[in-house]
file protein-v4.tsv (TSV, C-alpha atoms and all ligand atoms)
chain	number	residue	atom	x	y	z
V	1	MET	CA	-7.85	27.04	7.89
V	2	ASP	CA	-11.39	26.02	7.04
V	3	ILE	CA	-12.24	22.91	9.13
V	4	THR	CA	-14.91	20.75	7.57
V	5	THR	CA	-15.98	17.28	8.59
V	6	ARG	CA	-14.01	14.36	7.18
V	7	ARG	CA	-15.66	10.95	6.90
V	8	ILE	CA	-13.40	7.97	7.61
V	9	SER	CA	-14.21	4.29	7.11
V	10	VAL	CA	-12.52	2.29	9.84
V	11	LEU	CA	-11.87	-1.42	9.23
V	12	PRO	CA	-10.11	-2.82	12.32
V	13	GLY	CA	-10.11	-6.35	10.83
V	14	ASP	CA	-8.59	-9.36	12.53
V	15	GLY	CA	-6.21	-10.38	15.33
V	16	ILE	CA	-4.41	-7.38	16.81
V	17	GLY	CA	-6.09	-5.04	14.26
V	18	PRO	CA	-8.92	-3.86	16.58
V	19	GLU	CA	-6.62	-3.16	19.56
V	20	VAL	CA	-4.07	-1.13	17.59
V	21	ILE	CA	-6.78	0.76	15.70
V	22	ASN	CA	-8.49	1.67	18.99
V	23	VAL	CA	-5.31	3.47	20.04
V	24	ALA	CA	-4.92	5.11	16.60
V	25	LEU	CA	-8.46	6.52	16.75
V	26	ASP	CA	-7.35	8.76	19.63
V	27	GLU	CA	-5.14	10.57	17.09
V	28	LEU	CA	-8.07	11.77	15.01
V	29	PRO	CA	-9.10	15.40	15.32
V	30	ASP	CA	-12.69	16.26	16.35
V	31	HIS	CA	-13.79	17.03	12.80
V	32	PHE	CA	-13.25	13.39	11.75
V	33	GLU	CA	-16.45	11.30	11.66
V	34	ILE	CA	-15.97	7.57	11.90
V	35	GLU	CA	-17.93	4.78	10.23
V	36	ALA	CA	-16.74	1.41	11.60
V	37	LEU	CA	-17.16	-1.55	9.25
V	38	ASP	CA	-17.20	-5.11	10.49
V	39	VAL	CA	-15.09	-6.74	7.79
V	40	GLY	CA	-12.85	-9.71	8.51
V	41	ALA	CA	-12.66	-13.24	9.82
V	42	GLU	CA	-15.46	-13.14	12.42
V	43	ARG	CA	-18.07	-11.93	9.96
V	44	TYR	CA	-16.78	-14.27	7.26
V	45	LEU	CA	-16.97	-17.29	9.58
V	46	SER	CA	-20.47	-16.48	10.81
V	47	THR	CA	-22.07	-15.22	7.56
V	48	GLY	CA	-19.74	-16.12	4.66
V	49	LYS	CA	-19.55	-12.40	3.77
V	50	LEU	CA	-16.27	-10.70	2.86
V	51	LEU	CA	-16.68	-7.24	1.37
V	52	GLU	CA	-20.29	-6.45	0.46
V	53	ASP	CA	-21.54	-3.87	-2.06
V	54	GLU	CA	-22.83	-1.75	0.86
V	55	ASP	CA	-19.38	-1.81	2.46
V	56	LEU	CA	-17.84	-0.65	-0.80
V	57	ASP	CA	-20.45	2.11	-1.18
V	58	THR	CA	-19.64	3.39	2.32
V	59	ILE	CA	-15.91	3.26	1.62
V	60	ARG	CA	-16.20	4.97	-1.78
V	61	GLY	CA	-18.20	7.76	-0.16
V	62	SER	CA	-15.67	8.34	2.60
V	63	ASP	CA	-12.57	10.52	2.50
V	64	ALA	CA	-10.19	7.74	3.55
V	65	VAL	CA	-9.94	4.28	5.07
V	66	LEU	CA	-8.11	3.44	8.28
V	67	PHE	CA	-7.36	-0.28	8.19
V	68	GLY	CA	-6.04	-2.59	10.91
V	69	ALA	CA	-4.95	-6.05	9.80
V	70	ILE	CA	-6.33	-9.05	7.99
V	71	GLY	CA	-5.74	-12.78	8.33
V	72	ASP	CA	-6.95	-15.52	10.64
V	73	PRO	CA	-5.72	-19.10	11.09
V	74	ARG	CA	-9.34	-20.39	10.99
V	75	VAL	CA	-9.73	-19.16	7.39
V	76	PRO	CA	-7.74	-20.66	4.49
V	77	ASP	CA	-4.79	-18.54	3.32
V	78	GLY	CA	-5.72	-15.91	0.79
V	79	VAL	CA	-9.50	-15.78	1.35
V	80	LEU	CA	-9.39	-12.70	3.59
V	81	GLU	CA	-6.20	-11.15	2.19
V	82	ARG	CA	-7.40	-11.34	-1.41
V	83	GLY	CA	-11.10	-10.89	-0.64
V	84	VAL	CA	-10.66	-7.77	1.47
V	85	LEU	CA	-7.29	-5.99	1.32
V	86	LEU	CA	-6.23	-6.75	-2.26
V	87	ARG	CA	-9.80	-6.24	-3.46
V	88	LEU	CA	-9.96	-2.80	-1.82
V	89	ARG	CA	-6.67	-1.81	-3.45
V	90	LYS	CA	-8.09	-2.87	-6.83
V	91	GLU	CA	-11.60	-1.42	-6.39
V	92	LEU	CA	-10.24	1.96	-5.28
V	93	ASP	CA	-7.36	1.74	-7.77
V	94	LEU	CA	-4.85	2.46	-4.99
V	95	TYR	CA	-1.86	1.96	-7.21
V	96	VAL	CA	0.87	3.31	-4.93
V	97	ASN	CA	1.83	1.60	-1.70
V	98	LEU	CA	3.94	4.16	0.12
V	99	ARG	CA	6.03	2.77	2.97
V	100	PRO	CA	8.28	5.31	4.69
V	101	PHE	CA	10.97	4.22	7.15
V	102	PRO	CA	12.13	7.51	8.71
V	103	GLU	CA	14.58	5.80	11.08
V	104	LEU	CA	16.33	4.23	8.07
V	105	GLY	CA	15.99	7.27	5.78
V	106	VAL	CA	14.34	5.09	3.12
V	107	THR	CA	10.88	5.31	1.52
V	108	PHE	CA	9.44	2.50	-0.56
V	109	VAL	CA	7.11	3.12	-3.49
V	110	ARG	CA	5.60	-0.28	-4.20
V	111	GLU	CA	3.40	-0.90	-7.27
V	112	ASN	CA	0.19	-2.02	-5.60
V	113	THR	CA	-2.16	-3.52	-8.19
V	114	GLU	CA	-0.22	-6.00	-10.34
V	115	GLY	CA	2.73	-8.41	-10.36
V	116	PRO	CA	2.07	-11.85	-8.90
V	117	TYR	CA	-0.63	-10.30	-6.66
V	118	SER	CA	-3.06	-9.89	-9.55
V	119	GLY	CA	-4.76	-13.23	-8.88
V	120	VAL	CA	-3.96	-14.82	-12.25
V	121	GLY	CA	-2.82	-18.41	-12.10
V	122	THR	CA	-3.82	-22.05	-12.06
V	123	ARG	CA	-3.78	-24.87	-9.56
V	124	GLU	CA	-3.82	-28.51	-10.58
V	125	PRO	CA	-3.20	-31.38	-8.14
V	126	ASP	CA	0.55	-31.43	-8.75
V	127	ALA	CA	1.27	-28.18	-10.54
V	128	ALA	CA	0.56	-24.50	-10.04
V	129	THR	CA	1.23	-21.23	-11.82
V	130	GLU	CA	1.15	-17.70	-10.40
V	131	THR	CA	1.24	-15.22	-13.24
V	132	SER	CA	2.94	-11.88	-12.75
V	133	VAL	CA	0.96	-9.24	-14.62
V	134	ASN	CA	2.86	-6.07	-15.59
V	135	THR	CA	1.39	-3.31	-17.73
V	136	ARG	CA	2.98	-0.14	-19.07
V	137	THR	CA	0.17	1.97	-17.58
V	138	ALA	CA	0.58	0.59	-14.07
V	139	ILE	CA	4.38	0.76	-14.09
V	140	GLU	CA	4.42	4.24	-15.55
V	141	ARG	CA	2.01	5.87	-13.11
V	142	CYS	CA	3.78	4.32	-10.13
V	143	ALA	CA	7.21	5.26	-11.48
V	144	ARG	CA	6.04	8.82	-12.08
V	145	TYR	CA	4.90	9.08	-8.46
V	146	ALA	CA	8.30	7.78	-7.24
V	147	PHE	CA	10.22	10.24	-9.46
V	148	GLU	CA	8.04	13.13	-8.27
V	149	LEU	CA	8.63	12.14	-4.65
V	150	ALA	CA	12.39	11.92	-5.22
V	151	ALA	CA	12.40	15.24	-7.10
V	152	ARG	CA	10.52	17.01	-4.28
V	153	GLY	CA	12.93	15.70	-1.64
V	154	GLY	CA	16.10	16.14	-3.70
V	155	SER	CA	16.51	12.40	-3.20
V	156	HIS	CA	18.22	9.58	-5.04
V	157	LEU	CA	15.89	7.02	-6.67
V	158	THR	CA	16.80	3.33	-6.74
V	159	TRP	CA	14.57	1.06	-8.76
V	160	VAL	CA	14.62	-2.61	-7.88
V	161	HIS	CA	13.68	-5.72	-9.86
V	162	LYS	CA	15.31	-8.96	-10.95
V	163	THR	CA	15.88	-8.14	-14.61
V	164	ASN	CA	18.61	-10.77	-15.02
V	165	VAL	CA	16.12	-13.59	-14.39
V	166	LEU	CA	12.59	-12.18	-14.75
V	167	VAL	CA	13.39	-10.99	-18.26
V	168	HIS	CA	9.87	-10.35	-19.57
V	169	ALA	CA	8.58	-8.20	-16.73
V	170	GLY	CA	12.09	-6.86	-16.12
V	171	SER	CA	12.56	-5.51	-19.65
V	172	LEU	CA	9.19	-3.73	-19.60
V	173	TRP	CA	9.93	-2.20	-16.19
V	174	SER	CA	13.38	-1.19	-17.40
V	175	GLU	CA	12.02	0.46	-20.55
V	176	VAL	CA	9.27	2.35	-18.71
V	177	VAL	CA	11.51	3.54	-15.83
V	178	ARG	CA	14.05	4.79	-18.41
V	179	GLU	CA	11.31	6.65	-20.31
V	180	VAL	CA	9.86	8.30	-17.19
V	181	SER	CA	13.36	9.27	-16.04
V	182	GLN	CA	13.66	11.52	-19.13
V	183	ASP	CA	11.10	13.86	-17.52
V	184	PHE	CA	13.13	14.07	-14.29
V	185	PRO	CA	16.71	14.94	-15.24
V	186	GLU	CA	17.23	16.33	-11.72
V	187	VAL	CA	16.68	12.90	-10.09
V	188	SER	CA	19.73	10.65	-9.87
V	189	LEU	CA	18.72	7.09	-10.67
V	190	SER	CA	20.28	3.69	-10.08
V	191	TYR	CA	19.18	0.08	-10.35
V	192	GLN	CA	19.65	-2.93	-8.01
V	193	HIS	CA	18.60	-6.53	-8.39
V	194	ALA	CA	16.18	-7.43	-5.57
V	195	ASP	CA	18.58	-9.86	-3.91
V	196	ALA	CA	21.41	-7.31	-3.94
V	197	ALA	CA	19.00	-4.65	-2.65
V	198	ALA	CA	18.16	-6.91	0.33
V	199	TYR	CA	21.88	-7.29	1.10
V	200	LEU	CA	22.64	-3.59	0.65
V	201	LEU	CA	19.68	-2.47	2.75
V	202	VAL	CA	21.26	-4.35	5.64
V	203	MET	CA	24.90	-3.47	4.92
V	204	GLU	CA	24.72	0.06	3.46
V	205	PRO	CA	21.22	1.50	3.95
V	206	GLU	CA	22.60	5.01	3.38
V	207	ARG	CA	22.78	4.16	-0.34
V	208	PHE	CA	18.96	4.36	-0.53
V	209	ASP	CA	16.51	7.26	-0.39
V	210	VAL	CA	13.42	6.44	-2.47
V	211	VAL	CA	13.03	2.84	-3.69
V	212	LEU	CA	10.67	2.04	-6.57
V	213	THR	CA	9.77	-1.61	-7.04
V	214	ASP	CA	7.05	-4.07	-7.96
V	215	ASN	CA	4.33	-5.51	-5.73
V	216	LEU	CA	6.11	-8.66	-4.51
V	217	PHE	CA	9.61	-7.21	-4.07
V	218	GLY	CA	8.06	-4.20	-2.34
V	219	ASP	CA	6.12	-6.38	0.09
V	220	LEU	CA	9.25	-8.37	1.02
V	221	LEU	CA	11.87	-5.63	1.06
V	222	SER	CA	9.72	-3.25	3.06
V	223	ASP	CA	9.37	-5.84	5.83
V	224	LEU	CA	13.15	-6.14	5.77
V	225	ALA	CA	13.39	-2.36	6.08
V	226	ALA	CA	10.93	-2.52	9.00
V	227	GLY	CA	13.18	-5.04	10.71
V	228	LEU	CA	16.12	-2.69	10.30
V	229	SER	CA	14.31	0.34	11.65
V	230	GLY	CA	12.60	-0.54	14.89
V	231	GLY	CA	10.47	-3.51	13.91
V	232	LEU	CA	7.11	-4.11	12.26
V	233	GLY	CA	5.38	-2.55	15.25
V	234	SER	CA	6.29	0.91	14.00
V	235	ALA	CA	6.03	0.60	10.18
V	236	ALA	CA	3.03	2.30	8.56
V	237	SER	CA	1.86	2.48	4.97
V	238	ALA	CA	-0.44	4.44	2.69
V	239	ASN	CA	-2.24	2.88	-0.28
V	240	LEU	CA	-2.92	5.82	-2.56
V	241	HIS	CA	-4.44	6.96	-5.83
V	242	PRO	CA	-2.62	10.28	-5.76
V	243	GLU	CA	-4.29	12.24	-8.58
V	244	LEU	CA	-7.70	13.66	-7.94
V	245	ALA	CA	-8.47	13.82	-11.67
V	246	THR	CA	-8.42	10.04	-12.21
V	247	ARG	CA	-9.38	8.80	-8.75
V	248	PRO	CA	-12.39	6.47	-9.14
V	249	SER	CA	-13.99	7.51	-5.84
V	250	ARG	CA	-13.89	10.19	-3.20
V	251	CYS	CA	-11.52	8.03	-1.12
V	252	VAL	CA	-7.94	9.36	-1.11
V	253	GLY	CA	-6.48	6.11	0.19
V	254	LEU	CA	-6.27	3.28	2.66
V	255	PHE	CA	-3.87	3.73	5.57
V	256	GLU	CA	-2.64	0.72	7.53
V	257	PRO	CA	0.14	-0.68	9.65
V	258	VAL	CA	2.52	-2.80	7.54
V	259	HIS	CA	2.16	-5.65	10.02
V	260	GLY	CA	-0.44	-8.38	9.77
V	261	SER	CA	-2.97	-9.65	12.31
V	262	ALA	CA	-0.47	-11.47	14.59
V	263	PRO	CA	-3.14	-13.86	15.96
V	264	ASP	CA	-0.60	-15.39	18.38
V	265	ILE	CA	-0.53	-12.21	20.49
V	266	ALA	CA	-4.06	-10.90	19.83
V	267	GLY	CA	-5.94	-9.83	22.94
V	268	MET	CA	-2.87	-10.09	25.19
V	269	GLY	CA	-2.14	-6.36	25.34
V	270	ARG	CA	1.27	-6.98	23.74
V	271	ALA	CA	0.65	-5.41	20.31
V	272	ASP	CA	2.62	-2.23	19.60
V	273	PRO	CA	0.14	0.39	18.32
V	274	THR	CA	2.87	2.71	16.93
V	275	ALA	CA	2.39	1.59	13.31
V	276	ALA	CA	-1.37	2.11	13.46
V	277	VAL	CA	-0.87	5.54	15.07
V	278	ARG	CA	1.59	6.47	12.29
V	279	ALA	CA	-0.89	5.22	9.69
V	280	ALA	CA	-3.54	7.52	11.18
V	281	GLN	CA	-1.04	10.41	11.09
V	282	MET	CA	-0.26	9.69	7.42
V	283	MET	CA	-4.00	9.75	6.71
V	284	ILE	CA	-4.48	13.09	8.47
V	285	ALA	CA	-1.50	14.56	6.56
V	286	ALA	CA	-2.86	13.27	3.22
V	287	LEU	CA	-6.30	14.74	3.92
V	288	ASP	CA	-4.79	18.09	4.93
V	289	LYS	CA	-3.57	18.37	1.30
V	290	GLU	CA	-6.96	17.46	-0.20
V	291	PRO	CA	-9.69	19.89	-1.22
V	292	VAL	CA	-12.58	19.67	1.25
V	293	THR	CA	-15.28	19.41	-1.40
V	294	ILE	CA	-14.75	17.21	-4.41
V	295	SER	CA	-17.01	18.25	-7.23
V	296	ARG	CA	-16.42	15.57	-9.90
V	297	GLU	CA	-19.67	13.77	-10.69
V	298	GLY	CA	-20.18	10.47	-8.91
V	299	ARG	CA	-18.16	11.40	-5.84
V	301	LIG	N1	-2.10	-4.38	7.81
V	301	LIG	C1	-1.60	-5.13	6.78
V	301	LIG	C2	-2.10	-6.54	6.69
V	301	LIG	O1	-3.08	-6.92	7.29
V	301	LIG	N2	-1.37	-7.30	5.90
V	301	LIG	C3	-1.72	-8.65	5.60
V	301	LIG	C4	-1.14	-9.05	4.28
V	301	LIG	O2	-0.98	-10.23	4.04
V	301	LIG	N3	-0.86	-8.10	3.40
V	301	LIG	C5	-0.34	-8.35	2.12
V	301	LIG	C6	0.02	-7.05	1.44
V	301	LIG	O3	0.18	-6.02	2.08
V	301	LIG	O4	0.13	-7.07	0.21
call {"tool": "encode", "arguments": {"input": "protein-v4.tsv", "output": "C-alpha cells"}}
result
Amino acid sequence: MDITTRRISVLPGDGIGPEVINVALDELPDHFEIEALDVGAERYLSTGKLLEDEDLDTIRGSDAVLFGAIGDPRVPDGVLERGVLLRLRKELDLYVNLRPFPELGVTFVRENTEGPYSGVGTREPDAATETSVNTRTAIERCARYAFELAARGGSHLTWVHKTNVLVHAGSLWSEVVREVSQDFPEVSLSYQHADAAAYLLVMEPERFDVVLTDNLFGDLLSDLAAGLSGGLGSAASANLHPELATRPSRCVGLFEPVHGSAPDIAGMGRADPTAAVRAAQMMIAALDKEPVTISREGR
C-alpha cells in the first residue's frame, strides 16, 4: 500500500482530555503528522478566544481531527461545548455521529447537526425555549448512512424518536425514514419510542443492531449504552461527513471519546484512556479508506 503523510489536528481540550489524548497519540503510525491546537478552557480564560479563523483553517486543511474533551467548571455551561465542539460539527458539516458499542453489539447513528442542539431558542427571566430544528435534508442523509451501514452488516435497523409526543419533528422523521427505507428492502426496520428504547437497551439489548436517532436522543441513549458495555471510559465516537463529493473540507471527521472532561479526576492519573485510543483507531481506519490526494478545488 502507498503510504503518504496524513495531517491530523489534535485538540486535547479540557480536564482529562490532554492525558487520554497523550496515550492515544502512541497509536498513530509514523506517517501521521500532528498539529496540536490549544483550544479549550485555559485559552478561553486567559484570552477570551474559543475557535479562531486560523484554527479552523488548520483543521479544514488536515485529514482528520483527534479531539479529547471539552468543558470546565470555571466557564459557564455551553460556552465551550457550543463554541468549540458543536461549532466544529457545524463548520465541517459532520452530520453523522457514529457511536459503536462492540461489547453490546449495538451501533448508534446519531444525527449530529440539528434537533435541540441547533442553538435556536430564547431566554427571558422566567421563561425559556429550546427549539428543535429538523430538516428533510439532514434527516435523509443521516438515515441513508444508517441504512447503508445496516445493509453492509446484514443488520437490523431500529429508528428511535418520541413520535407520540413530539408530533411535528416525529412525523417528519417518520416520513423520511419510511421513504429512505424503500431503497433498502434488504434491511429489516423497526421503530421504538426513546423511553422504551432506554428500557429495552437495558433489558433486551440483543434486539438492537444499528440504531438511528436524533441528536438529543442519540446523546442520551449512547451514554446509556456506554454504561451497559464497560463504561464511558471505553466508548469512542466518530463525527463524520461520509461522502467525499459533498464534504466541505479535506477533513474526513472528528474522532473523540464519548466522555466529557471529568474535571473532578483530571490530573490524578485515574482517567481511562481506552475511549481515546479507540477514537484514534477509528480515525486510522477511516483514513485507510480515503484517497490519499483529494483533488476537488478548495481542499
Ligand atoms: N469528548 C466529548 C466531549 O467533550 N463531550 C462534551 C459534551 O458535552 N458533548 C456534547 C455532545 O457530544 O453533543
call {"tool": "residues_near_point", "arguments": {"input": "protein-v4.tsv", "point": "(20.1, 9.0, 8.6)", "cutoff": "12 Å", "atoms": "all atoms listed in the file", "output": "list in words"}}
result
Phe101, Pro102, Glu103, Leu104, Gly105, Val106, Glu204, Pro205, Glu206, Arg207, Phe208, Asp209 and Ser229 of chain V
call {"tool": "residues_near_ligand", "arguments": {"input": "protein-v4.tsv", "ligand": "ligand LIG 301 (chain V)", "cutoff": "7 Å", "atoms": "all atoms listed in the file", "output": "PyMOL selection string"}}
result
chain V and resi 67-71+81+86+219+256-261
call {"tool": "closest_residue", "arguments": {"input": "protein-v4.tsv", "among": "V:Thr122, V:Asp53, V:Leu88, V:His31", "to": "Thr4 (chain V)", "atoms": "only C-alpha atoms"}}
result
V:His31
call {"tool": "closest_residue", "arguments": {"input": "protein-v4.tsv", "among": "V:Thr293, V:Thr274, V:Thr107, V:Thr246", "to": "Leu201 (chain V)", "atoms": "all atoms listed in the file"}}
result
V:Thr107
call {"tool": "atom_distance", "arguments": {"input": "protein-v4.tsv", "atom1": "CA of Ser237 (chain V)", "atom2": "CA of Val75 (chain V)"}}
result
24.7 Å
call {"tool": "closest_residue", "arguments": {"input": "protein-v4.tsv", "among": "V:Ala64, V:Asn164, V:Ile16, V:Ala236", "to": "Glu290 (chain V)", "atoms": "all atoms listed in the file"}}
result
V:Ala64
call {"tool": "closest_residue", "arguments": {"input": "protein-v4.tsv", "among": "V:Asn134, V:Ser234, V:Asn215, V:Asn97", "to": "Ala275 (chain V)", "atoms": "all atoms listed in the file"}}
result
V:Ser234
call {"tool": "residues_around", "arguments": {"input": "protein-v4.tsv", "residues": "Cys251 (chain V)", "least_positions_apart": "5", "cutoff": "6 Å", "atoms": "only C-alpha atoms", "output": "list of chain:residue names"}}
result
V:Arg60, V:Ser62, V:Asp63, V:Ala64
call {"tool": "residues_around", "arguments": {"input": "protein-v4.tsv", "residues": "Glu91 (chain V)", "least_positions_apart": "2", "cutoff": "10 Å", "atoms": "only C-alpha atoms", "output": "ChimeraX atom specification"}}
result
/V:56,60,85-89,93-94,113,248-249
call {"tool": "atom_distance", "arguments": {"input": "protein-v4.tsv", "atom1": "CA of Ala194 (chain V)", "atom2": "CA of Lys162 (chain V)"}}
result
5.7 Å
call {"tool": "atom_distance", "arguments": {"input": "protein-v4.tsv", "atom1": "CA of Ala143 (chain V)", "atom2": "CA of Val109 (chain V)"}}
result
8.3 Å
call {"tool": "residues_near_point", "arguments": {"input": "protein-v4.tsv", "point": "(4.7, -1.1, -7.1)", "cutoff": "8 Å", "atoms": "all atoms listed in the file", "output": "list in words"}}
result
Tyr95, Val96, Asn97, Val109, Arg110, Glu111, Asn112, Thr113, Glu114, Ile139, Cys142, Leu212, Thr213, Asp214, Asn215 and Gly218 of chain V
call {"tool": "axis_aligned_box", "arguments": {"input": "protein-v4.tsv", "around": "region 222-240 of chain V", "padding_each_side": "6 Å", "output": "JSON"}}
result
{"center_x": 6.6, "center_y": -0.2, "center_z": 6.3, "size_x": 31.0, "size_y": 24.0, "size_z": 29.8}
call {"tool": "residues_around", "arguments": {"input": "protein-v4.tsv", "residues": "region 179-187 of chain V", "least_positions_apart": "4", "cutoff": "10 Å", "atoms": "all atoms listed in the file", "output": "JSON, numbers by chain"}}
result
{"V": [139, 140, 141, 143, 144, 147, 148, 149, 150, 151, 152, 153, 154, 155, 156, 157, 173, 174, 175]}
call {"tool": "residues_around", "arguments": {"input": "protein-v4.tsv", "residues": "Arg6 (chain V)", "least_positions_apart": "2", "cutoff": "12 Å", "atoms": "all atoms listed in the file", "output": "ChimeraX atom specification"}}
result
/V:2-4,8-9,28-35,61-65,250-252,283-284,286-288,290-294
call {"tool": "closest_residue", "arguments": {"input": "protein-v4.tsv", "among": "V:Val160, V:Val39, V:Leu200, V:Val120", "to": "Leu216 (chain V)", "atoms": "only C-alpha atoms"}}
result
V:Val160
call {"tool": "closest_residue", "arguments": {"input": "protein-v4.tsv", "among": "V:Ala138, V:Ala24, V:Leu50, V:Val10", "to": "Arg278 (chain V)", "atoms": "only C-alpha atoms"}}
result
V:Ala24
call {"tool": "residues_around", "arguments": {"input": "protein-v4.tsv", "residues": "Glu42 (chain V)", "least_positions_apart": "2", "cutoff": "12 Å", "atoms": "only C-alpha atoms", "output": "JSON, numbers by chain"}}
result
{"V": [12, 13, 14, 15, 38, 39, 40, 44, 45, 46, 47, 48, 49, 50, 70, 71, 72, 73, 74, 75, 80]}
call {"tool": "write_last_selection", "arguments": {"input": "protein-v4.tsv", "atoms": "C-alpha atoms", "output": "mmCIF file, in the frame of the given file"}}
result
data_model
loop_
_atom_site.group_PDB
_atom_site.id
_atom_site.type_symbol
_atom_site.label_atom_id
_atom_site.label_comp_id
_atom_site.auth_asym_id
_atom_site.auth_seq_id
_atom_site.Cartn_x
_atom_site.Cartn_y
_atom_site.Cartn_z
ATOM 1 C CA PRO V 12 -10.110 -2.820 12.320
ATOM 2 C CA GLY V 13 -10.110 -6.350 10.830
ATOM 3 C CA ASP V 14 -8.590 -9.360 12.530
ATOM 4 C CA GLY V 15 -6.210 -10.380 15.330
ATOM 5 C CA ASP V 38 -17.200 -5.110 10.490
ATOM 6 C CA VAL V 39 -15.090 -6.740 7.790
ATOM 7 C CA GLY V 40 -12.850 -9.710 8.510
ATOM 8 C CA TYR V 44 -16.780 -14.270 7.260
ATOM 9 C CA LEU V 45 -16.970 -17.290 9.580
ATOM 10 C CA SER V 46 -20.470 -16.480 10.810
ATOM 11 C CA THR V 47 -22.070 -15.220 7.560
ATOM 12 C CA GLY V 48 -19.740 -16.120 4.660
ATOM 13 C CA LYS V 49 -19.550 -12.400 3.770
ATOM 14 C CA LEU V 50 -16.270 -10.700 2.860
ATOM 15 C CA ILE V 70 -6.330 -9.050 7.990
ATOM 16 C CA GLY V 71 -5.740 -12.780 8.330
ATOM 17 C CA ASP V 72 -6.950 -15.520 10.640
ATOM 18 C CA PRO V 73 -5.720 -19.100 11.090
ATOM 19 C CA ARG V 74 -9.340 -20.390 10.990
ATOM 20 C CA VAL V 75 -9.730 -19.160 7.390
ATOM 21 C CA LEU V 80 -9.390 -12.700 3.590
#
call {"tool": "build_atoms", "arguments": {"input": "protein-v4.tsv", "residues": "region 80-85 of chain V", "atoms": "all heavy atoms", "output": "compact mmCIF listing (two decimals), in the coordinates of the input"}}
result
# COMPACT_ATOMS: atom_id res chain seq x y z
N LEU V 80 -9.19 -14.05 3.02
CA LEU V 80 -9.39 -12.70 3.59
C LEU V 80 -8.46 -11.69 2.93
O LEU V 80 -8.87 -10.57 2.60
CB LEU V 80 -9.14 -12.73 5.09
CG LEU V 80 -10.10 -13.61 5.90
CD1 LEU V 80 -9.53 -13.91 7.28
CD2 LEU V 80 -11.45 -12.92 6.03
N GLU V 81 -7.19 -12.08 2.75
CA GLU V 81 -6.20 -11.15 2.19
C GLU V 81 -6.63 -10.70 0.80
O GLU V 81 -6.65 -9.51 0.49
CB GLU V 81 -4.82 -11.82 2.13
CG GLU V 81 -4.20 -12.12 3.49
CD GLU V 81 -4.69 -13.43 4.13
OE1 GLU V 81 -5.66 -14.03 3.60
OE2 GLU V 81 -4.13 -13.83 5.16
N ARG V 82 -7.00 -11.67 -0.05
CA ARG V 82 -7.40 -11.34 -1.41
C ARG V 82 -8.79 -10.71 -1.43
O ARG V 82 -9.05 -9.76 -2.16
CB ARG V 82 -7.43 -12.58 -2.31
CG ARG V 82 -6.13 -13.33 -2.42
CD ARG V 82 -6.15 -14.21 -3.64
NE ARG V 82 -5.85 -13.41 -4.79
CZ ARG V 82 -4.61 -13.25 -5.26
NH1 ARG V 82 -3.60 -13.86 -4.71
NH2 ARG V 82 -4.39 -12.48 -6.29
N GLY V 83 -9.69 -11.31 -0.59
CA GLY V 83 -11.10 -10.89 -0.64
C GLY V 83 -11.35 -9.54 -0.02
O GLY V 83 -12.37 -8.91 -0.29
N VAL V 84 -10.45 -9.08 0.82
CA VAL V 84 -10.66 -7.77 1.47
C VAL V 84 -9.57 -6.78 1.05
O VAL V 84 -9.83 -5.83 0.31
CB VAL V 84 -10.70 -7.92 3.01
CG1 VAL V 84 -10.86 -6.54 3.66
CG2 VAL V 84 -11.85 -8.83 3.43
N LEU V 85 -8.33 -7.02 1.50
CA LEU V 85 -7.29 -5.99 1.32
C LEU V 85 -6.92 -5.80 -0.15
O LEU V 85 -6.92 -4.67 -0.67
CB LEU V 85 -6.06 -6.36 2.16
CG LEU V 85 -4.92 -5.35 2.19
CD1 LEU V 85 -5.41 -3.97 2.62
CD2 LEU V 85 -3.81 -5.82 3.12
